[in-house]
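Input: a single structure, listed below in structure tokens.
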Amino acid sequence: MLRYISRRLLYMLVSLFLIVTATFFLMRAVPGGPFSGEKKLPPEIEKNLNEYYGLDRPWYNQYFDYLVSVAKWDFGPSFKYKGQTVNDLINEGFPVSFFLGMEALLLAVSIGILLGIIAALNHNKWPDYGAMVFAVLGISVPSFIMASALQYFLAIKLELFPVARWESLQHTVLPALALAATPMAFIARLTRSSMLEVLSNDYIRTAKAKGLSKGQITVKHAIRNALLPVVTYLGPLSAGVLTGSFVIEKIFGIPGLGSQFVLSISNRDYTTIMGVTVFYSILLLAAVLLVDIAYGFIDPRIKLAGGKKGE
Amino acid sequence: MKKRLSLLFSLMLILSLFLAACGGFNKKDEAGDNKAGDKKSNVPQELRVNIKTEPFSLHPGLANDSTSGTVLRQTFEGLTVIKDGKPQLAAAESYEVSDDLKTYTFKLRDAKWTNGDPVTAQDFEYAWKWALDPKNQSQYAYQLYYIKNGQAYNEGKAKADDVGVKAIDDKTLQVTLENPTPYFLELTAFYTYYPVNSKIAQKNPNWYKNAGPDYTSNGPFKMVSWEHNNKIVLEKNENYWDAKNVKLTKIDMAMVNDDNTELSMFNNGELDWAGMPTGQLPTDSLPQLKKEGKLHVQPIAGTYWLKFNTEKPPFNNVNIRKALTYAIDRKALVENVTKGEQIPAMAAVPPTMFPENKKGYFKDNDVEKAKEYLQKGLQELGLKDVKDLPPITYSFNTNDAHAKIAQAIQDMWKKNLGINVKLENAEWNVYIDKLHSGDYQVGRMGWLGDFNDPINFLELFRDKKGGNNDTNWENPKYKQLLIDSQKQSDPEKRKQMLKDAEAILMDELPVAPVYFYTNTWVQKDNLKGVEVSGLGDVQFRWAYFE
Amino acid sequence: MQQIPKEMFQPVRAELSEAEKISKPSLSYWKDVSIRFRKNKLAMFGLVILIILVFMAIFGPHMTKYDYATNDLMNTNQPPSAKHWFGTDDLGRDVFTRTWYGARISLFIGLAAALIDLCIGVIWGGIAGLRGGKTDEVMMRIADILWAVPYLLLVIILMVVLGQGLGTMILAMTITGWINMARIVRGQVLQLKNQEYVLAAQTLGANTSRIMFRHLIPNAMGPILVTLTLSIPSAIFTEAFLSYLGLGVPQPLASWGTMASEGVQALQYYPWRLFFPATFICLTIFAFNVVGDGLRDALDPRLRK
């Protein structure tokens, strides 16, 4: 187990290196520089700036310097916000996105699994249809429409919540709901379909035959096995949700990392793009790793060691 | 297994509670709710506005964007300030100009920084030289190029001592200019010309990065809190020399970068002001707001135009350019597409500078003439029919409003002239690169005046390779008129020279003007005294709630 | 207890030949699937919706005298009426025409992207799961890296290099879209490949591709179909998201995504501009979902009643 994890960590490092490299060159391949503005800078000033940020040096120098600073976890100054470092931006933006993401994830997982189980246990009866229509609604509305609609009906029409900003717990409810809608629906559907599959298995029949109650069967046998696909989905999902959503952060005026990241790309804020990419990649890779480990715990049939073929 | 799962869930729960308790928020008292206090006599003098984004920098020498400008304009004060469209003395008490119009001597009034230090002439000298110092990477240093040797110093060709700004004593500032600059007092109201507390800046070079005791300013308000990407809070500066006339006690600046949200917040009583110049109203809301009588509209010094690349066929032909320019129905466009009561532009310089430009140099939507010019142009190019024209691409940067205008103009050209135009949009940085490098045929662009003088618009097209020309157009007569105008001390004669130049521009049409910008906003009814200048800058120092 | 006299019993005349006869007509697998699918009312409903949507996408734009691109600046933002069934947008264009014109584009993008995702995802995930070991490790890491590179950077580069257009759009969607499918397939294959019938097939000398396409993929069809029905909506969504960022199909083309992202700005003033495209996005996705569910249930022999 330990060997497996340490090997995976090594892979993570290699992946990270490749991601950094790929992003670095992609970023430089995109036309437009960080100092492009409506009013063009005099060439002398632009030259000065390029010198200051080291953009005038050969790419390999910049690239290796960058690798060194990533290793030191120092992403350098932001191009877009004078006086702030990329580390500052991450340290300020991520907790906000993370908090919101956690809130949304909790909502999504708890309600989603519950809906899925209810639907599966009442296969083809009205609770099934009800739960699925609800879930499908969650999937079928794009997030910017969902967010705007929630804002319009709950905040503007009913005045239940503030329209926007990040000030108190009350302010977080609408964005968390908007963020949770899609994953909740996904989880509900996944849970339902894998529950149905599990419920048709022989061991469930055995359990029924030996006289266990429906509740016991569900809890002891079905759920555990049915959650496997959900767990697979949860990895990338949680990394995606926790890193913040551009649309929702924009519409609700939330100072999170998600909107920051998208802005940094359109601003060509090179250091921020790289810093946040590295940060996100680590989160994502860690999430994938955790999922794979969790997989092994939940489903003993899967051998973690990545054993030899034909074993 | 069940245990493990429940453990996972409870862990998540605990984590989120923990976060709720300590992280995530900076607990601040809610801004005073003005909803209830509308009619009371002692209305809270607290203003809530939206500035959309994090400012680039709140160092006057580094700021290069309108958001930073909006904040700095409240917290700092230059030698002059623009009120009712004219520069008035602010930090300066009086000034003298030499006969050659090249030397200004300012006498400073007794004023204090927020920490109690006196504002001195040295603070101005320090600030300007700091911004010009090449090692400080100021992107707006060129705003100070009017000062003698300013450009040379910024390019490393002169020493700091050569720069034409000098503190004669604590209260006297002498400025020597490169050329006579008739609009210099307009410039001194601009934020790059603000002073910096030199005592603090020399001790702590990072003074400007956050709010705190070292962030000192000399304006009507002081910054008490700056949560990056979230909000800025200003409070009245009790040390300000004119503090008794500053009525607002607090300004809360939110950073919400969504037009619809901004207006909704206003409608819900979470903001006192929505729209320009600090934010933006959604275009679709304008007709309704107008109908309800809530919309405020003010023309500003800005022109929306289409640039033609005059080196690419068919736009190397002036008659083709004329045909396309005349075939735009500007009135229909501003009334039905942009909807902000923008003024149809048949001239380059906005009417805030040349009032007679409301009429312009040619007729709006002159389809007959356009067709004539098109025929003439086609002949000159040796083409028989419109269909033989090389394919035309209209470029714009990705944005709903620009996309709408592009589609409307595309349709007008098709209906009026039978020309098929392809639309192409690109993300801002890509777009601006294309434009600056001449890789386009027709492209939209807007110009908002930096200072209140026509030269700011006209000098864009002075040099073919000038930074913001983009059209590759140049005209020796035009160029000479602009150069001569700088030396002309008689304002009337100077104006005529500039008008002559504009006439040349509007005859050759390297750009097709579309409309003059306006500022549109909504505000609380009881909010008074907010000053929006002709350049579209906002001052809250005279604002108050009734 | 009442006695039943023996005489009341009568032996059934059992024809030996009939004993083994199956009274129910024999069904092929696909016939069975189609019967069970048709029994699923919700799924049939979804199918009908899809057929109607496709029909309207083909014929809708021709039902009016309006063109999707021609402006009518004198009649902007008109509410639905007899003249303009779905109202007009802010350039006075007929929303009905644009909606169905947009349906063509959105449905095409969704289907094309989903099919490409399916092909790449099944092959990639299948090989990774089946081979296991080093191959699996390398292939999944490649997927991870692609997943982690900032998506928007990729899209912007694509747009700049290839220019805006439908092809670019589909490419932008599939460039990372297949990864999810690959992950699901791999997970399924990992789960299934240790089962006895695979072992049996291996013992019998079946080669890898046979095992994969004859044994693993059909058994994993459920989750693959579910993922597929979800990846059509997610492609339609990505299109909407990119439109929201202004990276959608070039103007004046219409797609549901561009219409909705413009309409959402007008939600409070001209709600019909959001209502129609949004409703059809929802309907489409709803339909794909219930059809997918129905298919899943019908394809899975274990759910047979």
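Ordering of the structure tokens sets the chain letters (A, B, ...), residue numbers begin anew at 1 in every chain, and ligands are numbered from 1 in the order given.
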
Per residue of chain B within 9 Å of chain C, record the nearest atom pair and its distance in Å to one decimal, counting only C-alpha atoms, with rows in chain order and ascending residue number, as JSON lines.
{"residue": "B:Asp259", "atom": "CA", "partner": "C:Gln265", "partner_atom": "CA", "distance": 8.4}
{"residue": "B:Asn260", "atom": "CA", "partner": "C:Gln265", "partner_atom": "CA", "distance": 6.5}
{"residue": "B:Pro282", "atom": "CA", "partner": "C:Gln265", "partner_atom": "CA", "distance": 7.0}
{"residue": "B:Thr283", "atom": "CA", "partner": "C:Gln265", "partner_atom": "CA", "distance": 8.5}
{"residue": "B:Asp284", "atom": "CA", "partner": "C:Ala266", "partner_atom": "CA", "distance": 5.6}
{"residue": "B:Ser285", "atom": "CA", "partner": "C:Tyr269", "partner_atom": "CA", "distance": 6.5}
{"residue": "B:Gln288", "atom": "CA", "partner": "C:Tyr269", "partner_atom": "CA", "distance": 7.4}
{"residue": "B:Ala332", "atom": "CA", "partner": "C:Leu73", "partner_atom": "CA", "distance": 6.8}
{"residue": "B:Leu333", "atom": "CA", "partner": "C:Leu73", "partner_atom": "CA", "distance": 7.8}
{"residue": "B:Glu335", "atom": "CA", "partner": "C:Leu73", "partner_atom": "CA", "distance": 8.8}
{"residue": "B:Asn336", "atom": "CA", "partner": "C:Leu73", "partner_atom": "CA", "distance": 6.0}
{"residue": "B:Val337", "atom": "CA", "partner": "C:Leu91", "partner_atom": "CA", "distance": 6.7}
{"residue": "B:Thr398", "atom": "CA", "partner": "C:Gly246", "partner_atom": "CA", "distance": 5.6}
{"residue": "B:Asn399", "atom": "CA", "partner": "C:Gly246", "partner_atom": "CA", "distance": 6.4}
{"residue": "B:Asp400", "atom": "CA", "partner": "C:Gly246", "partner_atom": "CA", "distance": 7.5}
{"residue": "B:Ala403", "atom": "CA", "partner": "C:Gln251", "partner_atom": "CA", "distance": 7.2}
{"residue": "B:Lys404", "atom": "CA", "partner": "C:Leu91", "partner_atom": "CA", "distance": 7.4}
{"residue": "B:Ala406", "atom": "CA", "partner": "C:Gln251", "partner_atom": "CA", "distance": 8.7}
{"residue": "B:Gln407", "atom": "CA", "partner": "C:Pro252", "partner_atom": "CA", "distance": 6.4}
{"residue": "B:Ala408", "atom": "CA", "partner": "C:Asn71", "partner_atom": "CA", "distance": 6.8}
{"residue": "B:Asp411", "atom": "CA", "partner": "C:Asn71", "partner_atom": "CA", "distance": 6.5}
{"residue": "B:Met412", "atom": "CA", "partner": "C:Asn71", "partner_atom": "CA", "distance": 8.6}
{"residue": "B:Lys422", "atom": "CA", "partner": "C:Gln251", "partner_atom": "CA", "distance": 8.9}
{"residue": "B:Leu423", "atom": "CA", "partner": "C:Gln251", "partner_atom": "CA", "distance": 6.5}
{"residue": "B:Glu424", "atom": "CA", "partner": "C:Pro250", "partner_atom": "CA", "distance": 6.9}
{"residue": "B:Asn425", "atom": "CA", "partner": "C:Pro250", "partner_atom": "CA", "distance": 7.3}
{"residue": "B:Ala426", "atom": "CA", "partner": "C:Val160", "partner_atom": "CA", "distance": 7.8}
{"residue": "B:Glu427", "atom": "CA", "partner": "C:Ile156", "partner_atom": "CA", "distance": 8.0}
{"residue": "B:Val430", "atom": "CA", "partner": "C:Val160", "partner_atom": "CA", "distance": 8.0}

Residues of chain B near chain A: apply a cut-off of 6 Å, count only C-alpha atoms, and supply the list as a compact mmCIF listing (two decimals) with C-alpha atoms, in the first residue's frame.
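Below is the file that was written, part.txt:
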# COMPACT_ATOMS: atom_id res chain seq x y z
CA GLY B 24 -13.69 32.50 4.40
CA PHE B 56 -4.44 47.55 -10.98
CA SER B 57 -2.62 49.59 -8.37
CA GLN B 137 7.87 50.30 -14.38
CA LYS B 209 0.14 47.55 -1.57
CA ASN B 229 -10.85 41.38 -5.37
CA ASN B 230 -13.67 41.93 -2.90
CA VAL B 256 -18.88 42.79 -8.73
CA ASP B 258 -21.49 41.55 -13.75
CA MET B 265 -28.17 44.99 -6.29
CA ASN B 429 -5.60 40.67 -26.24
CA VAL B 430 -5.59 38.84 -29.54
CA ASP B 433 -2.46 42.68 -31.19
CA GLY B 467 1.10 53.81 -31.22
CA ASN B 468 -2.66 54.09 -31.57

Should the cut-off be 7 Å, what would the residue list for chain C against chain A look like, counting only C-alpha atoms, as a CSV table (one decimal) with C-alpha atoms, in the first residue's frame?
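Saved result, selection_23.csv, follows:
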chain,number,residue,atom,x,y,z
C,131,ARG,CA,-3.9,-3.9,-20.4
C,132,GLY,CA,-3.5,-2.6,-16.8
C,133,GLY,CA,-0.1,-2.1,-15.4
C,141,ARG,CA,-1.6,10.0,-16.6
C,145,ILE,CA,-2.4,16.0,-17.7
C,148,ALA,CA,-5.3,19.6,-15.8
C,149,VAL,CA,-4.1,22.0,-18.5
C,150,PRO,CA,-6.2,25.1,-18.4
C,153,LEU,CA,-6.0,28.3,-22.9
C,157,ILE,CA,-5.4,28.7,-29.0
C,190,LEU,CA,-11.3,-3.0,-14.3
C,191,GLN,CA,-14.3,-4.2,-12.5
C,237,PHE,CA,-23.6,23.0,-22.1
C,264,VAL,CA,-30.0,35.8,-19.7
C,281,ILE,CA,-32.1,23.2,-24.1
C,282,CYS,CA,-33.8,21.8,-21.0
C,285,ILE,CA,-31.4,17.4,-22.3
C,286,PHE,CA,-34.4,16.0,-20.5
C,302,ARG,CA,-30.6,-8.4,-15.4
C,303,LEU,CA,-33.4,-5.9,-15.0

- Which value, in Å to one decimal, gives the distance between CA of Tyr361 (chain B) and CA of Ala348 (chain B)? 9.4 Å

- Message: Need the shell around Ile82 (chain B): protein/DNA/RNA residues with any atom at most 9 Å away, counting only C-alpha atoms. Skip same-chain ones fewer than 6 positions apart. Format as a ChimeraX atom specification?
- Response: /B:88-89,186,189,533,539

I'd like the contact shell of region 100-110 of chain C - 9 Å cut-off, only C-alpha atoms, skipping same-chain residues fewer than 3 positions apart - returned as a short mmCIF file (atom, residue, chain, number, x, y, z; two decimals) with C-alpha atoms, in the first residue's frame.
data_model
loop_
_atom_site.label_atom_id
_atom_site.label_comp_id
_atom_site.auth_asym_id
_atom_site.auth_seq_id
_atom_site.Cartn_x
_atom_site.Cartn_y
_atom_site.Cartn_z
CA LEU C 53 -37.05 18.61 -32.01
CA VAL C 54 -35.15 17.13 -34.92
CA MET C 56 -38.40 21.27 -36.12
CA ALA C 57 -34.68 21.77 -36.52
CA ILE C 58 -35.01 20.65 -40.12
CA PHE C 59 -38.25 22.39 -41.04
CA GLY C 60 -38.67 25.10 -38.38
CA PRO C 61 -36.53 27.77 -40.04
CA TYR C 68 -32.12 34.18 -39.09
CA VAL C 95 -36.70 34.34 -32.33
CA PHE C 96 -38.70 31.43 -33.74
CA THR C 97 -36.52 31.22 -36.80
CA ALA C 113 -18.97 15.85 -29.87
CA ALA C 114 -20.61 12.99 -28.01
CA LEU C 115 -19.87 10.48 -30.74
CA LEU C 166 -18.38 24.81 -36.03
CA GLY C 167 -15.38 22.54 -36.51
CA MET C 169 -16.25 24.33 -31.59
CA ILE C 170 -16.54 20.57 -31.82
CA MET C 173 -15.43 20.25 -26.90
CA SER C 231 -22.11 13.83 -22.69
CA ILE C 232 -24.52 15.16 -25.31
CA PRO C 233 -25.98 17.60 -22.80
CA SER C 234 -22.55 18.40 -21.49
CA ALA C 235 -21.44 19.26 -25.02
CA ILE C 236 -24.49 21.47 -25.46
CA PHE C 237 -23.58 22.99 -22.10
CA GLU C 239 -21.20 25.29 -26.06
CA VAL C 249 -20.22 30.21 -32.83
CA LEU C 253 -25.03 32.42 -36.52
CA ALA C 254 -27.45 31.32 -33.86
CA SER C 255 -27.06 28.48 -31.43
CA TRP C 256 -29.06 27.79 -28.31
CA GLY C 257 -26.00 28.60 -26.27
CA THR C 258 -25.46 32.03 -27.78
CA MET C 259 -29.18 32.78 -27.66
CA PRO C 277 -33.76 28.75 -26.09
CA PHE C 280 -35.45 23.83 -25.62
CA ILE C 281 -32.05 23.24 -24.06
CA THR C 284 -33.41 18.31 -25.26
#

- Query: Hey, what's within 10 Å of Met506 (chain B) if we count only C-alpha atoms and toss same-chain stuff fewer than 2 positions away? As a ChimeraX atom specification, please?
  - Reply: /B:322,346-348,360-362,500-504,508-513

- Item | Between CA of Thr67 (chain B) and CA of Val165 (chain B), distance in Å (one decimal) |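 Taking CA of Thr67 (chain B) as the start and CA of Val165 (chain B) as the end point, the length is 27.7 Å.
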
- Could you please write out, as a list of chain:residue names, every residue of region 68-148 of chain B that DSSP assigns to helix (DSSP H, G or I)?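 Result set for region 68-148 of chain B (helix (DSSP H, G or I)): B:Ser68, B:Gly69, B:Thr70, B:Val71, B:Leu72, B:Arg73, B:Gln74, B:Thr75, B:Ala121, B:Gln122, B:Asp123, B:Phe124, B:Glu125, B:Tyr126, B:Ala127, B:Trp128, B:Lys129, B:Trp130, B:Ala131, B:Leu132, B:Pro134, B:Lys135, B:Asn136, B:Ala141, B:Tyr142, B:Gln143, B:Leu144.
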
- Message: Applying 9 Å and only C-alpha atoms, which residues near Asn180 (chain C) remain after dropping the ones on its own chain fewer than 3 positions away? List them as a PyMOL selection string.
- Response: (chain A and resi 233) or (chain C and resi 117+121+176-177+183-185+227+231)

Keeping N, CA and C atoms, export the residues of the selection given above as an mmCIF file, in the first residue's frame.
data_model
loop_
_atom_site.group_PDB
_atom_site.id
_atom_site.type_symbol
_atom_site.label_atom_id
_atom_site.label_comp_id
_atom_site.auth_asym_id
_atom_site.auth_seq_id
_atom_site.Cartn_x
_atom_site.Cartn_y
_atom_site.Cartn_z
ATOM 1 N N TYR A 233 -16.762 9.479 -9.676
ATOM 2 C CA TYR A 233 -17.179 10.773 -10.164
ATOM 3 C C TYR A 233 -16.785 11.874 -9.182
ATOM 4 N N ASP C 117 -16.359 11.734 -28.527
ATOM 5 C CA ASP C 117 -16.005 11.368 -27.151
ATOM 6 C C ASP C 117 -16.128 9.871 -26.959
ATOM 7 N N GLY C 121 -13.041 7.719 -26.087
ATOM 8 C CA GLY C 121 -13.134 7.301 -24.691
ATOM 9 C C GLY C 121 -13.157 5.799 -24.549
ATOM 10 N N THR C 176 -11.066 17.699 -24.424
ATOM 11 C CA THR C 176 -10.995 17.120 -23.085
ATOM 12 C C THR C 176 -12.246 16.308 -22.769
ATOM 13 N N GLY C 177 -13.257 16.385 -23.621
ATOM 14 C CA GLY C 177 -14.535 15.743 -23.325
ATOM 15 C C GLY C 177 -14.450 14.232 -23.232
ATOM 16 N N ARG C 183 -12.482 7.439 -18.444
ATOM 17 C CA ARG C 183 -12.397 7.056 -17.034
ATOM 18 C C ARG C 183 -13.483 6.046 -16.678
ATOM 19 N N ILE C 184 -14.703 6.327 -17.143
ATOM 20 C CA ILE C 184 -15.817 5.435 -16.822
ATOM 21 C C ILE C 184 -15.574 4.044 -17.419
ATOM 22 N N VAL C 185 -15.175 4.037 -18.682
ATOM 23 C CA VAL C 185 -14.952 2.753 -19.350
ATOM 24 C C VAL C 185 -13.855 1.981 -18.628
ATOM 25 N N THR C 227 -23.319 7.544 -19.622
ATOM 26 C CA THR C 227 -22.334 8.602 -19.826
ATOM 27 C C THR C 227 -22.539 9.288 -21.162
ATOM 28 N N SER C 231 -23.138 13.022 -22.041
ATOM 29 C CA SER C 231 -22.110 13.827 -22.692
ATOM 30 C C SER C 231 -22.694 14.651 -23.835
#
